[in-house]
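Structure file my_file.txt (compact mmCIF, N, CA and C atoms) follows.
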# COMPACT_ATOMS: atom_id res chain seq x y z
N MET A 197 63.47 151.28 36.47
CA MET A 197 64.40 151.09 37.57
C MET A 197 65.74 151.72 37.20
N PRO A 198 66.31 152.55 38.10
CA PRO A 198 67.57 153.22 37.78
C PRO A 198 68.72 152.23 37.68
N LYS A 199 69.69 152.58 36.86
CA LYS A 199 70.88 151.74 36.68
C LYS A 199 71.71 151.73 37.96
N ALA A 200 72.21 150.55 38.33
CA ALA A 200 73.01 150.41 39.54
C ALA A 200 74.35 151.11 39.37
N THR A 201 74.80 151.77 40.42
CA THR A 201 76.11 152.40 40.39
C THR A 201 77.18 151.32 40.56
N ASN A 202 78.42 151.69 40.29
CA ASN A 202 79.52 150.73 40.46
C ASN A 202 79.59 150.23 41.90
N LYS A 203 79.39 151.13 42.87
CA LYS A 203 79.45 150.71 44.27
C LYS A 203 78.32 149.72 44.59
N GLU A 204 77.15 149.96 44.04
CA GLU A 204 76.03 149.03 44.26
C GLU A 204 76.34 147.67 43.64
N LYS A 205 76.92 147.69 42.44
CA LYS A 205 77.29 146.42 41.80
C LYS A 205 78.30 145.66 42.65
N VAL A 206 79.29 146.38 43.16
CA VAL A 206 80.32 145.75 43.99
C VAL A 206 79.71 145.21 45.28
N LEU A 207 78.85 146.00 45.89
CA LEU A 207 78.20 145.57 47.13
C LEU A 207 77.45 144.26 46.92
N ILE A 208 76.66 144.19 45.87
CA ILE A 208 75.91 142.96 45.55
C ILE A 208 76.87 141.81 45.28
N ALA A 209 77.90 142.07 44.51
CA ALA A 209 78.87 141.02 44.17
C ALA A 209 79.61 140.52 45.41
N LEU A 210 79.95 141.42 46.32
CA LEU A 210 80.64 141.01 47.54
C LEU A 210 79.75 140.10 48.39
N ILE A 211 78.47 140.39 48.42
CA ILE A 211 77.54 139.58 49.19
C ILE A 211 77.35 138.20 48.55
N GLU A 212 77.32 138.17 47.24
CA GLU A 212 77.00 136.93 46.52
C GLU A 212 78.21 136.04 46.23
N THR A 213 79.41 136.53 46.49
CA THR A 213 80.60 135.73 46.19
C THR A 213 81.45 135.59 47.46
N SER A 214 82.50 134.79 47.34
CA SER A 214 83.32 134.52 48.53
C SER A 214 84.70 135.14 48.49
N SER A 215 85.00 135.93 47.47
CA SER A 215 86.33 136.56 47.42
C SER A 215 86.26 137.86 46.63
N ILE A 216 87.26 138.69 46.85
CA ILE A 216 87.36 139.96 46.11
C ILE A 216 87.50 139.66 44.61
N ARG A 217 88.31 138.66 44.29
CA ARG A 217 88.52 138.31 42.88
C ARG A 217 87.19 137.93 42.20
N GLU A 218 86.41 137.09 42.88
CA GLU A 218 85.12 136.69 42.32
C GLU A 218 84.17 137.88 42.22
N ALA A 219 84.20 138.75 43.23
CA ALA A 219 83.34 139.93 43.21
C ALA A 219 83.73 140.85 42.05
N ALA A 220 85.01 140.95 41.79
CA ALA A 220 85.49 141.78 40.68
C ALA A 220 84.98 141.23 39.35
N LYS A 221 85.09 139.92 39.17
CA LYS A 221 84.60 139.30 37.94
C LYS A 221 83.10 139.49 37.78
N LYS A 222 82.36 139.25 38.86
CA LYS A 222 80.91 139.33 38.81
C LYS A 222 80.42 140.76 38.54
N SER A 223 81.08 141.74 39.17
CA SER A 223 80.63 143.13 39.03
C SER A 223 81.22 143.84 37.83
N GLY A 224 82.32 143.30 37.29
CA GLY A 224 83.00 143.98 36.19
C GLY A 224 83.84 145.16 36.66
N ILE A 225 84.08 145.22 37.95
CA ILE A 225 84.87 146.29 38.55
C ILE A 225 86.21 145.69 39.01
N GLY A 226 87.29 146.41 38.81
CA GLY A 226 88.62 145.90 39.15
C GLY A 226 88.81 145.66 40.63
N GLU A 227 89.69 144.70 40.94
CA GLU A 227 89.98 144.37 42.33
C GLU A 227 90.52 145.57 43.09
N ALA A 228 91.39 146.35 42.48
CA ALA A 228 91.96 147.52 43.16
C ALA A 228 90.86 148.50 43.55
N THR A 229 89.90 148.67 42.68
CA THR A 229 88.78 149.58 42.97
C THR A 229 87.96 149.03 44.15
N ILE A 230 87.74 147.74 44.16
CA ILE A 230 86.98 147.13 45.27
C ILE A 230 87.73 147.33 46.58
N TYR A 231 89.04 147.10 46.57
CA TYR A 231 89.82 147.32 47.78
C TYR A 231 89.74 148.79 48.22
N ARG A 232 89.73 149.69 47.27
CA ARG A 232 89.62 151.12 47.58
C ARG A 232 88.24 151.41 48.19
N TYR A 233 87.19 150.83 47.61
CA TYR A 233 85.84 151.00 48.17
C TYR A 233 85.79 150.51 49.62
N LEU A 234 86.46 149.40 49.88
CA LEU A 234 86.43 148.83 51.23
C LEU A 234 87.19 149.69 52.25
N GLN A 235 88.01 150.62 51.78
CA GLN A 235 88.69 151.56 52.68
C GLN A 235 87.79 152.75 53.04
N ASP A 236 86.71 152.92 52.27
CA ASP A 236 85.76 154.02 52.50
C ASP A 236 84.81 153.62 53.64
N LYS A 237 84.81 154.39 54.72
CA LYS A 237 84.03 154.05 55.91
C LYS A 237 82.54 153.90 55.60
N GLU A 238 82.01 154.77 54.78
CA GLU A 238 80.58 154.72 54.44
C GLU A 238 80.26 153.44 53.66
N PHE A 239 81.08 153.12 52.67
CA PHE A 239 80.86 151.90 51.89
C PHE A 239 81.01 150.67 52.78
N LEU A 240 82.03 150.68 53.61
CA LEU A 240 82.27 149.55 54.51
C LEU A 240 81.08 149.35 55.45
N ALA A 241 80.52 150.44 55.94
CA ALA A 241 79.34 150.34 56.81
C ALA A 241 78.16 149.75 56.04
N GLU A 242 77.96 150.16 54.80
CA GLU A 242 76.88 149.60 53.96
C GLU A 242 77.11 148.11 53.72
N TYR A 243 78.35 147.77 53.44
CA TYR A 243 78.69 146.36 53.20
C TYR A 243 78.43 145.51 54.44
N ARG A 244 78.89 146.00 55.58
CA ARG A 244 78.67 145.25 56.83
C ARG A 244 77.19 145.12 57.14
N ASN A 245 76.44 146.17 56.90
CA ASN A 245 74.99 146.11 57.12
C ASN A 245 74.34 145.09 56.19
N ALA A 246 74.75 145.08 54.93
CA ALA A 246 74.20 144.12 53.97
C ALA A 246 74.55 142.70 54.38
N ARG A 247 75.78 142.48 54.83
CA ARG A 247 76.18 141.15 55.30
C ARG A 247 75.37 140.75 56.53
N ARG A 248 75.17 141.69 57.43
CA ARG A 248 74.40 141.40 58.65
C ARG A 248 72.96 141.00 58.27
N GLN A 249 72.38 141.71 57.34
CA GLN A 249 71.02 141.38 56.90
C GLN A 249 70.97 139.99 56.25
N THR A 250 72.00 139.66 55.49
CA THR A 250 72.07 138.35 54.86
C THR A 250 72.14 137.25 55.91
N VAL A 251 72.99 137.46 56.90
CA VAL A 251 73.14 136.47 57.97
C VAL A 251 71.86 136.35 58.78
N GLU A 252 71.23 137.48 59.09
CA GLU A 252 69.98 137.45 59.85
C GLU A 252 68.89 136.70 59.09
N SER A 253 68.86 136.88 57.79
CA SER A 253 67.90 136.15 56.96
C SER A 253 68.17 134.66 57.01
N ALA A 254 69.43 134.29 56.92
CA ALA A 254 69.80 132.86 56.98
C ALA A 254 69.45 132.27 58.34
N ILE A 255 69.67 133.04 59.40
CA ILE A 255 69.34 132.55 60.74
C ILE A 255 67.84 132.34 60.87
N ALA A 256 67.05 133.25 60.34
CA ALA A 256 65.60 133.11 60.38
C ALA A 256 65.16 131.84 59.64
N GLN A 257 65.79 131.57 58.51
CA GLN A 257 65.47 130.35 57.75
C GLN A 257 65.85 129.11 58.55
N MET A 258 67.00 129.16 59.23
CA MET A 258 67.42 128.02 60.04
C MET A 258 66.47 127.81 61.21
N GLN A 259 65.99 128.89 61.81
CA GLN A 259 65.06 128.76 62.92
C GLN A 259 63.75 128.12 62.46
N ASN A 260 63.29 128.51 61.28
CA ASN A 260 62.09 127.88 60.73
C ASN A 260 62.33 126.40 60.47
N ALA A 261 63.47 126.08 59.90
CA ALA A 261 63.81 124.69 59.63
C ALA A 261 63.95 123.91 60.93
N ALA A 262 64.50 124.54 61.97
CA ALA A 262 64.65 123.87 63.27
C ALA A 262 63.29 123.51 63.84
N SER A 263 62.34 124.40 63.70
CA SER A 263 60.99 124.14 64.18
C SER A 263 60.38 122.95 63.44
N GLU A 264 60.58 122.92 62.14
CA GLU A 264 60.09 121.79 61.34
C GLU A 264 60.82 120.51 61.72
N ALA A 265 62.10 120.60 62.00
CA ALA A 265 62.88 119.43 62.39
C ALA A 265 62.38 118.87 63.72
N VAL A 266 62.06 119.74 64.65
CA VAL A 266 61.52 119.28 65.93
C VAL A 266 60.18 118.57 65.72
N ASP A 267 59.34 119.15 64.88
CA ASP A 267 58.06 118.51 64.58
C ASP A 267 58.29 117.11 64.00
N ARG A 268 59.25 117.01 63.11
CA ARG A 268 59.54 115.71 62.48
C ARG A 268 60.10 114.73 63.52
N LEU A 269 60.98 115.19 64.37
CA LEU A 269 61.52 114.33 65.42
C LEU A 269 60.40 113.82 66.32
N LYS A 270 59.46 114.70 66.65
CA LYS A 270 58.34 114.29 67.50
C LYS A 270 57.49 113.23 66.81
N GLU A 271 57.32 113.35 65.51
CA GLU A 271 56.57 112.33 64.76
C GLU A 271 57.32 111.00 64.77
N LEU A 272 58.62 111.07 64.46
CA LEU A 272 59.43 109.86 64.34
C LEU A 272 59.67 109.17 65.68
N GLN A 273 59.45 109.90 66.75
CA GLN A 273 59.61 109.32 68.08
C GLN A 273 58.65 108.15 68.28
N TYR A 274 57.58 108.13 67.52
CA TYR A 274 56.58 107.06 67.63
C TYR A 274 56.61 106.14 66.39
N CYS A 275 57.74 106.14 65.71
CA CYS A 275 57.96 105.31 64.53
C CYS A 275 57.95 103.83 64.92
N GLU A 276 57.59 102.98 63.97
CA GLU A 276 57.57 101.54 64.23
C GLU A 276 58.98 100.96 64.35
N ASN A 277 59.95 101.64 63.77
CA ASN A 277 61.33 101.18 63.87
C ASN A 277 61.88 101.62 65.22
N PRO A 278 62.15 100.68 66.12
CA PRO A 278 62.59 101.05 67.47
C PRO A 278 63.89 101.85 67.49
N ALA A 279 64.80 101.58 66.57
CA ALA A 279 66.08 102.30 66.55
C ALA A 279 65.84 103.78 66.19
N VAL A 280 64.97 104.02 65.24
CA VAL A 280 64.66 105.40 64.85
C VAL A 280 63.96 106.12 65.99
N ALA A 281 62.99 105.45 66.60
CA ALA A 281 62.24 106.05 67.70
C ALA A 281 63.17 106.37 68.88
N ALA A 282 64.06 105.45 69.19
CA ALA A 282 64.99 105.66 70.30
C ALA A 282 65.94 106.81 70.00
N ARG A 283 66.46 106.87 68.79
CA ARG A 283 67.40 107.95 68.42
C ARG A 283 66.70 109.31 68.48
N CYS A 284 65.47 109.39 68.01
CA CYS A 284 64.72 110.65 68.07
C CYS A 284 64.50 111.08 69.51
N ALA A 285 64.12 110.13 70.35
CA ALA A 285 63.92 110.45 71.76
C ALA A 285 65.23 110.94 72.38
N GLN A 286 66.33 110.30 72.02
CA GLN A 286 67.64 110.69 72.55
C GLN A 286 67.99 112.11 72.11
N ILE A 287 67.78 112.42 70.84
CA ILE A 287 68.09 113.76 70.32
C ILE A 287 67.27 114.81 71.05
N ILE A 288 65.98 114.55 71.21
CA ILE A 288 65.10 115.49 71.91
C ILE A 288 65.58 115.69 73.35
N PHE A 289 65.85 114.59 74.03
CA PHE A 289 66.29 114.65 75.43
C PHE A 289 67.62 115.40 75.56
N GLU A 290 68.61 115.05 74.76
CA GLU A 290 69.93 115.67 74.86
C GLU A 290 69.87 117.17 74.58
N ASN A 291 69.08 117.55 73.59
CA ASN A 291 68.98 118.97 73.27
C ASN A 291 68.20 119.73 74.34
N SER A 292 67.26 119.07 74.99
CA SER A 292 66.55 119.71 76.10
C SER A 292 67.50 119.99 77.24
N ILE A 293 68.36 119.02 77.54
CA ILE A 293 69.36 119.20 78.60
C ILE A 293 70.31 120.34 78.24
N LYS A 294 70.81 120.37 77.01
CA LYS A 294 71.72 121.43 76.58
C LYS A 294 71.05 122.80 76.71
N THR A 295 69.79 122.89 76.35
CA THR A 295 69.06 124.16 76.45
C THR A 295 68.96 124.61 77.89
N MET A 296 68.64 123.68 78.80
CA MET A 296 68.56 124.02 80.22
C MET A 296 69.92 124.48 80.74
N GLU A 297 70.97 123.77 80.38
CA GLU A 297 72.31 124.14 80.83
C GLU A 297 72.70 125.52 80.32
N THR A 298 72.42 125.78 79.07
CA THR A 298 72.75 127.08 78.48
C THR A 298 71.98 128.19 79.17
N THR A 299 70.71 127.96 79.42
CA THR A 299 69.88 128.96 80.11
C THR A 299 70.42 129.23 81.50
N ASP A 300 70.78 128.17 82.22
CA ASP A 300 71.36 128.33 83.56
C ASP A 300 72.64 129.15 83.52
N ILE A 301 73.51 128.84 82.58
CA ILE A 301 74.79 129.55 82.46
C ILE A 301 74.54 131.03 82.15
N LEU A 302 73.62 131.31 81.25
CA LEU A 302 73.32 132.70 80.91
C LEU A 302 72.77 133.47 82.11
N GLU A 303 71.91 132.82 82.90
CA GLU A 303 71.38 133.47 84.10
C GLU A 303 72.50 133.76 85.09
N ARG A 304 73.41 132.80 85.28
CA ARG A 304 74.53 133.01 86.19
C ARG A 304 75.44 134.13 85.70
N LEU A 305 75.68 134.17 84.40
CA LEU A 305 76.52 135.21 83.82
C LEU A 305 75.89 136.59 84.01
N GLU A 306 74.58 136.69 83.81
CA GLU A 306 73.90 137.96 84.01
C GLU A 306 74.04 138.43 85.46
N LYS A 307 73.92 137.52 86.41
CA LYS A 307 74.08 137.88 87.82
C LYS A 307 75.49 138.39 88.09
N ILE A 308 76.48 137.70 87.55
CA ILE A 308 77.87 138.11 87.73
C ILE A 308 78.10 139.49 87.13
N GLU A 309 77.58 139.71 85.93
CA GLU A 309 77.74 141.01 85.28
C GLU A 309 77.06 142.11 86.08
N ASP A 310 75.86 141.83 86.62
CA ASP A 310 75.16 142.81 87.45
C ASP A 310 75.97 143.16 88.68
N GLU A 311 76.51 142.14 89.35
CA GLU A 311 77.33 142.37 90.54
C GLU A 311 78.58 143.18 90.19
N HIS A 312 79.19 142.84 89.09
CA HIS A 312 80.39 143.57 88.66
C HIS A 312 80.05 145.04 88.39
N GLN A 313 78.94 145.27 87.72
CA GLN A 313 78.53 146.64 87.43
C GLN A 313 78.26 147.42 88.71
N LYS A 314 77.63 146.77 89.69
CA LYS A 314 77.38 147.42 90.98
C LYS A 314 78.69 147.79 91.66
N GLN A 315 79.69 146.90 91.58
CA GLN A 315 81.00 147.19 92.17
C GLN A 315 81.67 148.37 91.47
N ILE A 316 81.55 148.41 90.18
CA ILE A 316 82.13 149.53 89.41
C ILE A 316 81.47 150.83 89.82
N GLU A 317 80.14 150.81 89.90
CA GLU A 317 79.41 152.02 90.26
C GLU A 317 79.74 152.45 91.69
N ALA A 318 79.90 151.49 92.59
CA ALA A 318 80.23 151.82 93.98
C ALA A 318 81.60 152.46 94.09
N THR A 319 82.55 151.98 93.30
CA THR A 319 83.91 152.55 93.36
C THR A 319 83.99 153.88 92.63
N ALA A 320 83.02 154.16 91.80
CA ALA A 320 83.04 155.41 91.03
C ALA A 320 82.42 156.56 91.82
N GLN A 321 81.88 156.29 92.99
CA GLN A 321 81.28 157.33 93.82
C GLN A 321 82.37 158.32 94.24
N PRO A 322 82.05 159.60 94.25
CA PRO A 322 83.03 160.61 94.69
C PRO A 322 83.49 160.30 96.12
N GLY A 323 84.75 160.43 96.36
CA GLY A 323 85.30 160.23 97.69
C GLY A 323 85.66 158.78 97.97
N ASN A 324 85.28 157.85 97.11
CA ASN A 324 85.61 156.45 97.31
C ASN A 324 86.95 156.18 96.62
N LYS A 325 87.96 155.85 97.40
CA LYS A 325 89.31 155.68 96.86
C LYS A 325 89.65 154.22 96.61
N ARG A 326 88.71 153.33 96.86
CA ARG A 326 88.96 151.90 96.66
C ARG A 326 89.13 151.60 95.18
N ARG A 327 90.14 150.84 94.85
CA ARG A 327 90.43 150.49 93.44
C ARG A 327 90.47 148.98 93.29
N PHE A 328 90.21 148.52 92.08
CA PHE A 328 90.29 147.07 91.76
C PHE A 328 91.62 146.78 91.13

What's the structure tokens form of this structure?
Amino acid sequence: MPKATNKEKVLIALIETSSIREAAKKSGIGEATIYRYLQDKEFLAEYRNARRQTVESAIAQMQNAASEAVDRLKELQYCENPAVAARCAQIIFENSIKTMETTDILERLEKIEDEHQKQIEATAQPGNKRRF
């Protein structure tokens, strides 16, 4: 396996730590150099892409855990302890309502955006002098 370049070391350290100072210590590269790397558009794009991949991976893990949590809530809904069963039912019900509300809002927003786009396109027609 080829030896990691200084930029690769910094990139990994930036992802694994929470500050430039910590990244400098972890990578063995000076803070000033890291700040200089972050001014480089190509390096910054690589860093942002690596961060995005890290976040997407974490979101996927949370989604898997959420699915398991729902399964567990469904099991506990029939628990012998009435307080636990009631709380699980409440959580399931409340989150179902929130999901419906969010879906409704997103549908309404999409309609508004579509209408707005149609208005923009209509005013962009040659000879149409109407302005917003």

Separating CA of Ile288 (chain A) from atom C of Thr250 (chain A), to the nearest tenth of an Å, is a gap of 27.9 Å

Would you please extract all helix (DSSP H, G or I) residues from chain A, as assigned by DSSP on the backbone, and give them as JSON, numbers by chain? {"A": [202, 203, 204, 205, 206, 207, 208, 209, 210, 211, 212, 216, 217, 218, 219, 220, 221, 222, 223, 227, 228, 229, 230, 231, 232, 233, 234, 235, 237, 238, 239, 240, 241, 242, 243, 244, 245, 246, 247, 248, 249, 250, 251, 252, 253, 254, 255, 256, 257, 258, 259, 260, 261, 262, 263, 264, 265, 266, 267, 268, 269, 270, 271, 272, 278, 279, 280, 281, 282, 283, 284, 285, 286, 287, 288, 289, 290, 291, 292, 293, 294, 295, 296, 297, 298, 299, 300, 301, 302, 303, 304, 305, 306, 307, 308, 309, 310, 311, 312, 313, 314, 315, 316, 317, 318, 319]}

Region 240-281 of chain A residues near region 202-223 of chain A within 8 Å, closest pair each, using all atoms listed in the file, as CSV:
residue,atom,partner,partner_atom,distance
A:Glu242,C,A:Leu207,CA,7.1
A:Tyr243,CA,A:Leu207,CA,6.1
A:Ala246,C,A:Ile211,CA,6.8
A:Arg247,CA,A:Ile211,CA,6.5
A:Thr250,CA,A:Ile211,CA,8.0
